[in-house]
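Chemist: I'd like to ask some things about the structure below.
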Amino acid sequence: MEQQEQEQDPSRSGERVAFNDDIFRKANEDIHSQAEMLAPEDFERLPFICECAEETCSEVLQVPATEYERIRSDPRLFLNAPGHDVAAHGWGAVVERHDGYVVVEKLGRAGDIVEMLDADD
Ligand SMILES: [Zn+2]
């Protein structure tokens with residue numbers, strides 16, 4: 001139980017990245033389901049919150065609803081504002097670049113955790 005001296009352990013920051021991203025992901029799932037209830041066809045692009053690992057980030061991204069659904073169907077993929085992927089500190093890599101947003105895949109332990117967190121919904 002003497003595990004408290006591991007603040008620099010990279011697996012800890014991987015967890016932090018994963019948990020923070022999961023919070024934004026859940027917020028975006030709410031936005032998406034509310035928009036769908038209102039008028040599914042009226043939204044070409046929906047406002048989503050940047051899902052980067054920076055807790056204070058509140059950047060809003062305009063993402064096509066169909067793109068959001070595609071990205072969300074993979075538990076390891078997240079929407080980020082361009083350049084915000086650096087907040088993942090190596091726990092994520094940009095896999096797609098689009099107009100106004102990028103798609104980041106979570107790697108290693110962060111990827112395992114986000115997948116696990118997504119599975120309990
Ligand atoms: Zn961000």
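Lettering and numbering for the structure tokens are positional, with chains as A, B, ... in the shown order, residues counted from 1 in each chain, and ligands counted from 1 in the shown order.
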Output the neighbourhood of ligand 1 as a PyMOL selection string, that is, all protein and nucleic acid residues with some atom at most 12 Å from the ligand, counting only C-alpha atoms and all ligand atoms.
Modeler: chain A and resi 17+20-21+24+48-61+78-88+101-104
Chemist: Using DSSP assignments from the backbone, pull out every residue in stretch 10-121 of chain A that falls under strand (DSSP E) and give it to me as a list in words.
Modeler: Arg45, Leu46, Pro47, Phe48, Ile49, Val60, Leu61, Gln62, Val63, Pro64, Leu77, Phe78, Leu79, Asn80, Gly92, Ala93, Val94, Val95, Glu96, Arg97, His98, Tyr101, Val102, Val103, Val104, Glu105 and Lys106 of chain A
Chemist: Using only C-alpha atoms, which of the listed residues (A:Asn28, A:Gln34, A:Ser73, A:Gln62) sits closest to A:Asp99?
Modeler: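 Closest to A:Asp99, using only C-alpha atoms: A:Gln62.
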Chemist: Determine, counting only C-alpha atoms, which protein, DNA and RNA residues have an atom within 12 Å of an atom of A:Asp118; residues of the same chain fewer than 3 positions away are not included. Present the result as a list of chain:residue names.
Modeler: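 Near A:Asp118, the qualifying residues are A:Ala18, A:Phe19, A:Asp21, A:Asp22, A:Ile23, A:Phe24, A:Arg25, A:Lys26, A:Glu29, A:Arg72, A:Ser73, A:Asp74, A:Pro75, A:Arg76, A:Leu77, A:Phe78, A:Gly111, A:Asp112, A:Ile113, A:Val114, A:Glu115, A:Asp121.
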Chemist: Save the residues we just selected, N, CA and C atoms, as a tab-separated table (two decimals), in the first residue's frame?
Modeler:
chain	number	residue	atom	x	y	z
A	18	ALA	N	-6.65	9.91	-19.91
A	18	ALA	CA	-7.80	9.09	-20.28
A	18	ALA	C	-9.07	9.54	-19.56
A	19	PHE	N	-8.97	9.79	-18.27
A	19	PHE	CA	-10.16	10.17	-17.51
A	19	PHE	C	-10.67	11.54	-17.94
A	21	ASP	N	-10.30	12.97	-20.88
A	21	ASP	CA	-10.91	12.85	-22.20
A	21	ASP	C	-12.29	12.22	-22.11
A	22	ASP	N	-12.44	11.28	-21.20
A	22	ASP	CA	-13.72	10.60	-21.06
A	22	ASP	C	-14.81	11.57	-20.59
A	23	ILE	N	-14.45	12.53	-19.76
A	23	ILE	CA	-15.41	13.53	-19.29
A	23	ILE	C	-15.94	14.34	-20.48
A	24	PHE	N	-15.03	14.80	-21.34
A	24	PHE	CA	-15.46	15.58	-22.51
A	24	PHE	C	-16.26	14.71	-23.48
A	25	ARG	N	-15.86	13.48	-23.60
A	25	ARG	CA	-16.58	12.58	-24.50
A	25	ARG	C	-18.04	12.43	-24.04
A	26	LYS	N	-18.23	12.29	-22.74
A	26	LYS	CA	-19.60	12.13	-22.22
A	26	LYS	C	-20.41	13.40	-22.44
A	29	GLU	N	-21.46	13.44	-25.99
A	29	GLU	CA	-22.53	12.47	-26.26
A	29	GLU	C	-23.88	13.08	-25.89
A	72	ARG	N	-17.02	8.51	-32.87
A	72	ARG	CA	-17.47	8.00	-31.57
A	72	ARG	C	-17.63	6.49	-31.56
A	73	SER	N	-17.84	5.89	-32.73
A	73	SER	CA	-18.02	4.44	-32.77
A	73	SER	C	-16.71	3.71	-32.47
A	74	ASP	N	-15.59	4.41	-32.50
A	74	ASP	CA	-14.31	3.82	-32.08
A	74	ASP	C	-13.94	4.42	-30.73
A	75	PRO	N	-13.92	3.60	-29.66
A	75	PRO	CA	-13.71	4.16	-28.32
A	75	PRO	C	-12.36	4.84	-28.12
A	76	ARG	N	-11.39	4.57	-28.99
A	76	ARG	CA	-10.06	5.17	-28.81
A	76	ARG	C	-9.90	6.50	-29.55
A	77	LEU	N	-10.89	6.88	-30.33
A	77	LEU	CA	-10.76	8.11	-31.10
A	77	LEU	C	-11.45	9.29	-30.42
A	78	PHE	N	-10.78	10.46	-30.50
A	78	PHE	CA	-11.30	11.67	-29.87
A	78	PHE	C	-11.17	12.85	-30.83
A	111	GLY	N	-5.15	4.56	-24.03
A	111	GLY	CA	-6.09	3.92	-24.97
A	111	GLY	C	-6.87	2.79	-24.30
A	112	ASP	N	-6.17	1.99	-23.48
A	112	ASP	CA	-6.85	0.89	-22.78
A	112	ASP	C	-7.91	1.43	-21.84
A	113	ILE	N	-7.58	2.51	-21.14
A	113	ILE	CA	-8.51	3.05	-20.16
A	113	ILE	C	-9.73	3.68	-20.83
A	114	VAL	N	-9.49	4.46	-21.89
A	114	VAL	CA	-10.65	5.08	-22.54
A	114	VAL	C	-11.59	4.03	-23.13
A	115	GLU	N	-11.00	2.94	-23.57
A	115	GLU	CA	-11.84	1.87	-24.11
A	115	GLU	C	-12.68	1.24	-22.99
A	121	ASP	N	-20.67	2.44	-20.28
A	121	ASP	CA	-21.87	3.27	-20.44
A	121	ASP	C	-23.13	2.41	-20.58
Chemist: Measure the distance from atom CA of A:Arg109 to atom CA of A:Gly14 in Å and round it to one decimal.
Modeler: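 Answer for the atom CA of A:Arg109 to atom CA of A:Gly14 separation: 6.0 Å.
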Chemist: What is the atom CA of A:Glu44-atom CA of A:Ala65 distance in Å, reported with one decimal?
Modeler: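 Going from atom CA of A:Glu44 over to atom CA of A:Ala65 covers 6.5 Å.
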Chemist: Within stretch 48-119 of chain A, find each residue whose DSSP state, derived from the backbone, is alpha helix (DSSP H), and express the selection as an NGL selection string.
Modeler: :A and (65-72 or 108-119)
Chemist: Which is closer to A:Ala93 than all the others in A:Lys106, A:Leu38, A:Arg70, A:Pro47, using only C-alpha atoms?
Modeler: A:Lys106
Chemist: Please compute the atom CA of A:Tyr68-atom CA of A:Leu117 distance, one decimal, in Å.
Modeler: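 Atom CA of A:Leu117 lies at a distance of 18.3 Å from atom CA of A:Tyr68.
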